[in-house]
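Notes to accompany the following structure.
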Amino acid sequence: MTTQRIEGVAAGANDQGGAPSLTVTDNRTGRSYEIPISDGTIRAVDLRQIRVDDDDFGLMTYDPAFMNTAACRSAITFLDGDRGILRYRGYPIEQLAEHSTFLEVAYLLLHGDLPTRQQLEAWESDIAHHVYVNESTKQFMDGFRYDAHPMGMLEATVGALSTFYPEAKNIGDEANRYRQIVRLIAKMPTLGAWGFRHMMGRPYVYPDKTLPYAGNFLNMLFSHSVVDFERDPRIERALDVLFILHADHEQNCSTSAVRSVGSAQADPYSAVAAGIAALYGPLHGGANEAVLQMLNRIGSTSDIPAFIEGVKAGKERLMGFGHRVYKNYDPRAQIIKKATQDVFEVTGVNPKLAIAMELEKIALEDDYFISRRLYPNVDFYSGLIYEALGMPLEMFTVLFAIGRTPGWVAQWNEMLNDKEQKIARPRQIYVGAEERDYVPLDKR
Ligand SMILES: CC(C)(COP(=O)(O)OP(=O)(O)OC[C@H]1O[C@@H](n2cnc3c(N)ncnc32)[C@H](O)[C@@H]1OP(=O)(O)O)[C@@H](O)C(=O)NCCC(=O)NCCS
């Protein structure tokens, strides 16, 4: 049996404490290969050297849904689902939610470090300067049907922004990239709020650059010519915290979509529109809506035991519980639970909160949920806050998209600066027909 060394692996590295490596034996040929291990991974292309003969393409990995494939190196977000840890650029999410603001977190995600006071002021001023949109955007949005879903409107309108800023396609120019990033973060609340106003049949409210980020968004949503909208700092803070909690979550479905489209060197508006499209899906951004529907259906705390029995019997799922990555309490759920109570101090308690808390208590004591490591996730309480703020269900995912925008653009920017990245292009295992001759229509 021969061992072929794949470039970069020192001789005898395995047993003599050199560079870590993996030895694999191809039982088809009896040959062994030593493959370098770095950062706990092997490079999939290294496997290509494992071949039966010269005509063989080489070994590939098959990984539908990317269950075990790292597609990039990233310095933005650290997530340890087993231990319930989430950090942006090294800072624990709990500390950011307590002390930071959404715009400061956006700066952190993009630049890698917290800003100085001067940098923060310049950043906030840049964002405030770009909250307005071209007047034609309004006409574009007006063209949607009267009851259009605001998430569909957001997806289309963000994509349409590329036609307003054609220079955005010059993605190699760093200053130009920065301008588009600022525009995206700044205009997202404007477009999200206008989608809501359109759905409600109300006139659009122009942005006010003198207001804080969350305050400006709430004002565009709820300001009325007849009834004055009263701003409340506790509500604005709760919304800012929700945005912080959603700001990034490493290589999730929508972020992967942004990176994938961005890897074709599309402009950032098109790439972020792809992210919004992915987030629109009920398996990604739509779960908070499902939680609220579930709480509505349960109706009262006395009906919880019967509901839990149904879940345990496999009739349905306890929405807002369980996560692909978190096998512990989602750290964001703890923070949202606290924010929920802060919001209810202002708006009055939503009776569904009592049902949610009782559900959580019962589930966390039940062996079905304990043994499967099912804990509340970020969506369990967030819908209750959105509802208390007066948001219809259709707006829940729009709020998620506004919060996630800094993460999308930070990941897009990181990808463009990564020399190893190329256009994303997965391989496939072809399972279709062998070559066959065309059959004329009258012979079929
Ligand atoms: C998030 C989710 C899709 C993760 O799924 P996953 O990692 O593929 O986990 P699985 O579907 O393999 O579930 C593992 C086990 O836990 C059970 N389970 C998972 N989530 C459950 C839930 N919310 N309620 C009841 N049982 C659940 C499954 O039935 C399965 O049990 P089994 O081993 O007896 O078959 C899943 O937990 C879920 O559907 N949660 C509810 C929806 C939700 O809140 N989504 C928001 C995510 S942020």
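Labels for the structure tokens follow display order: chains A, B, ..., residues from 1 in each chain, ligands from 1.
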I'd like a table as CSV: residues in chain A with an atom no more than 7 Å from ligand 1, each row giving the shortest atom pair and its distance in Å to one decimal, only C-alpha atoms and all ligand atoms counted, sorted by chain and rising residue number.
residue,atom,partner,partner_atom_place_in_ligand_line,distance
A:Leu283,CA,ligand 1,45 (N),6.5
A:His284,CA,ligand 1,46 (C),6.8
A:Ala287,CA,ligand 1,46 (C),4.9
A:Val311,CA,ligand 1,25 (C),5.6
A:Lys312,CA,ligand 1,25 (C),6.7
A:Gly314,CA,ligand 1,29 (O),6.7
A:Glu316,CA,ligand 1,25 (C),6.8
A:Arg317,CA,ligand 1,24 (N),3.6
A:Leu318,CA,ligand 1,24 (N),3.9
A:Met319,CA,ligand 1,41 (C),4.2
A:Gly320,CA,ligand 1,44 (O),3.2
A:Phe321,CA,ligand 1,23 (N),4.3
A:Gly322,CA,ligand 1,37 (O),3.4
A:His323,CA,ligand 1,1 (C),3.8
A:Arg324,CA,ligand 1,7 (O),3.5
A:Val325,CA,ligand 1,7 (O),6.9
A:Arg372,CA,ligand 1,16 (O),5.3
A:Leu374,CA,ligand 1,20 (N),6.3
A:Asn377,CA,ligand 1,48 (S),5.6
A:Val378,CA,ligand 1,48 (S),6.0
A:Asp379,CA,ligand 1,48 (S),6.1
A:Phe380,CA,ligand 1,44 (O),6.9
Can you write out the residues you just picked, keeping C-alpha atoms, as a PDB file, in the first residue's frame?
ATOM      1  CA  LEU A 283     -38.330  28.362   7.492  1.00  0.00           C
ATOM      2  CA  HIS A 284     -36.095  31.381   7.936  1.00  0.00           C
ATOM      3  CA  ALA A 287     -41.244  31.635  12.447  1.00  0.00           C
ATOM      4  CA  VAL A 311     -46.928  18.304  20.437  1.00  0.00           C
ATOM      5  CA  LYS A 312     -45.458  15.271  22.225  1.00  0.00           C
ATOM      6  CA  GLY A 314     -46.166  14.537  17.040  1.00  0.00           C
ATOM      7  CA  GLU A 316     -47.626  19.651  15.651  1.00  0.00           C
ATOM      8  CA  ARG A 317     -44.521  21.553  16.740  1.00  0.00           C
ATOM      9  CA  LEU A 318     -44.119  23.998  19.569  1.00  0.00           C
ATOM     10  CA  MET A 319     -43.223  26.979  17.403  1.00  0.00           C
ATOM     11  CA  GLY A 320     -40.400  29.193  18.668  1.00  0.00           C
ATOM     12  CA  PHE A 321     -38.717  26.165  20.235  1.00  0.00           C
ATOM     13  CA  GLY A 322     -35.718  24.286  18.886  1.00  0.00           C
ATOM     14  CA  HIS A 323     -32.965  25.413  16.544  1.00  0.00           C
ATOM     15  CA  ARG A 324     -30.650  23.779  14.028  1.00  0.00           C
ATOM     16  CA  VAL A 325     -27.596  25.259  15.721  1.00  0.00           C
ATOM     17  CA  ARG A 372     -34.246  16.677  22.587  1.00  0.00           C
ATOM     18  CA  LEU A 374     -35.381  22.045  22.678  1.00  0.00           C
ATOM     19  CA  ASN A 377     -35.349  30.505  20.193  1.00  0.00           C
ATOM     20  CA  VAL A 378     -35.266  34.167  19.139  1.00  0.00           C
ATOM     21  CA  ASP A 379     -38.754  33.952  17.648  1.00  0.00           C
ATOM     22  CA  PHE A 380     -40.562  32.770  20.762  1.00  0.00           C
TER      23      PHE A 380
END
Legend entry - Spatial neighbours of range 139-142 of chain A, 10 Å, only C-alpha atoms, chain gap at least 5 places, as a count of residues only: 13
Legend entry - Residue nearest Tyr326 in chain A - candidates A:Ala70, A:Leu279, A:Leu86, A:Ala168, atoms counted: only C-alpha atoms: A:Leu86
Using only C-alpha atoms, what table do you get, as JSON lines, when you list each residue of range 166-233 of chain A with an atom no more than 10 Å from range 391-401 of chain A, its nearest pair of atoms, and their distance in Å rounded to one decimal, rows by chain then rising number?
{"residue": "A:Met188", "atom": "CA", "partner": "A:Ala401", "partner_atom": "CA", "distance": 8.2}
{"residue": "A:Pro189", "atom": "CA", "partner": "A:Leu399", "partner_atom": "CA", "distance": 8.4}
{"residue": "A:Leu191", "atom": "CA", "partner": "A:Val398", "partner_atom": "CA", "distance": 9.5}
{"residue": "A:Gly192", "atom": "CA", "partner": "A:Val398", "partner_atom": "CA", "distance": 6.2}
{"residue": "A:Ala193", "atom": "CA", "partner": "A:Val398", "partner_atom": "CA", "distance": 8.9}
{"residue": "A:Gly195", "atom": "CA", "partner": "A:Met395", "partner_atom": "CA", "distance": 8.7}
{"residue": "A:Phe196", "atom": "CA", "partner": "A:Met395", "partner_atom": "CA", "distance": 7.0}
{"residue": "A:Met199", "atom": "CA", "partner": "A:Glu394", "partner_atom": "CA", "distance": 9.4}
{"residue": "A:Met200", "atom": "CA", "partner": "A:Pro392", "partner_atom": "CA", "distance": 9.8}
{"residue": "A:Leu221", "atom": "CA", "partner": "A:Met391", "partner_atom": "CA", "distance": 9.0}
{"residue": "A:Phe222", "atom": "CA", "partner": "A:Met391", "partner_atom": "CA", "distance": 9.7}
Legend entry - Separation of CA of Gly383 in chain A from CA of Asn288 in chain A, in Å and rounded to one decimal: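 Here the two named atoms are 5.1 Å from each other.
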Inset, instruction - Please give the complete set of residues from range 113-233 of chain A that DSSP, run on the backbone, assigns to alpha helix (DSSP H), formatted as an NGL selection string. - result: :A and (117-129 or 135-142 or 150-164 or 174-200 or 213-222 or 233)
Inset, instruction - May I have the residues within 12 Å of Gly403 in chain A as JSON, numbers by chain, using only C-alpha atoms and disregarding those fewer than 2 positions away in the same chain? - result: {"A": [101, 102, 103, 105, 106, 184, 185, 186, 188, 189, 192, 213, 214, 217, 239, 240, 241, 242, 243, 244, 245, 246, 247, 248, 249, 276, 279, 285, 396, 397, 398, 399, 400, 401, 405, 406, 407, 408, 409]}
If we count only C-alpha atoms and set the cut-off at 6 Å, which residues sit around Gly58 in chain A, ignoring sequence neighbours fewer than 6 positions away in its own chain? Please answer as a JSON list (two decimals) with C-alpha atoms, in the first residue's frame.
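Output below, filename selection00.json:
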[["chain", "number", "residue", "atom", "x", "y", "z"],
["A", 48, "ARG", "CA", -9.81, 15.57, -5.99],
["A", 49, "GLN", "CA", -6.40, 13.89, -6.04],
["A", 50, "ILE", "CA", -8.04, 10.68, -4.88],
["A", 51, "ARG", "CA", -8.78, 8.98, -8.19]]
Legend entry - Nearest-residue call for Tyr280 in chain A, choices A:Glu94, A:Glu155, A:Glu121, A:Asp26, using only C-alpha atoms: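 Closest candidate: A:Glu155.
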Inset, instruction - Determine, counting only C-alpha atoms, which protein, DNA and RNA residues have an atom within 10 Å of an atom of Tyr107 in chain A; residues of the same chain fewer than 2 positions away are not included. Present the result as a ChimeraX atom specification. - result: /A:101-105,109-115,119-120,123-124,406,410
Inset, instruction - Write out as a ChimeraX atom specification all residues of range 76-291 of chain A that DSSP puts in strand (DSSP E) for this structure's backbone. - result: /A:77-80,85-88,91-92
Legend entry - Distance of CA of Arg202 in chain A from CA of Asp232 in chain A, expressed in Å to one decimal place: 22.2 Å
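Using only C-alpha atoms, the nearest neighbour of Met415 in chain A within the list A:Pro233, A:Gly310, A:Pro92, A:Pro268 is A:Pro268.
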Legend entry - Closest of A:Leu108, A:Ala264, A:Leu384, A:Met220 to Gln421 in chain A - atom-to-atom distances counting only C-alpha atoms: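 Of all the options, A:Ala264 lies closest to Gln421 in chain A.
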Inset, instruction - Point out the residue among A:Gly215, A:Pro207, A:Pro376, A:Gly152 with the least atom-to-atom distance to Lys327 in chain A, counting only C-alpha atoms. - result: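 Answer, going by the shortest atom-to-atom distance: A:Pro376.
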Inset, instruction - Extract, using only C-alpha atoms, all DNA, RNA and protein residues at most 10 Å from Ile362 in chain A, discarding same-chain residues fewer than 3 positions from it, and format them as a list in words. - result: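 The contact residues come out as Ile304, Pro305, Ile308, Met357, Glu358, Leu359, Glu365, Asp366 and Phe369 of chain A.
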Legend entry - Pick from A:Tyr430, A:Asp53, A:Ala71, A:Phe344, whichever lies nearest to Arg234 in chain A using only C-alpha atoms: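 Under the stated criterion, the closest residue is A:Phe344.
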Inset, instruction - For Arg73 in chain A, work out the shell of residues within 12 Å, counting only C-alpha atoms and skipping chain neighbours fewer than 3 positions away, then give it as a list in words. - result: Ser38, Asp39, Thr41, Thr69, Ala70, Ile76, Thr77, Phe78, Glu250, Gln251, Gln411, Glu414, Met415, Asn417, Asp418, Lys419, Glu420 and Gln421 of chain A
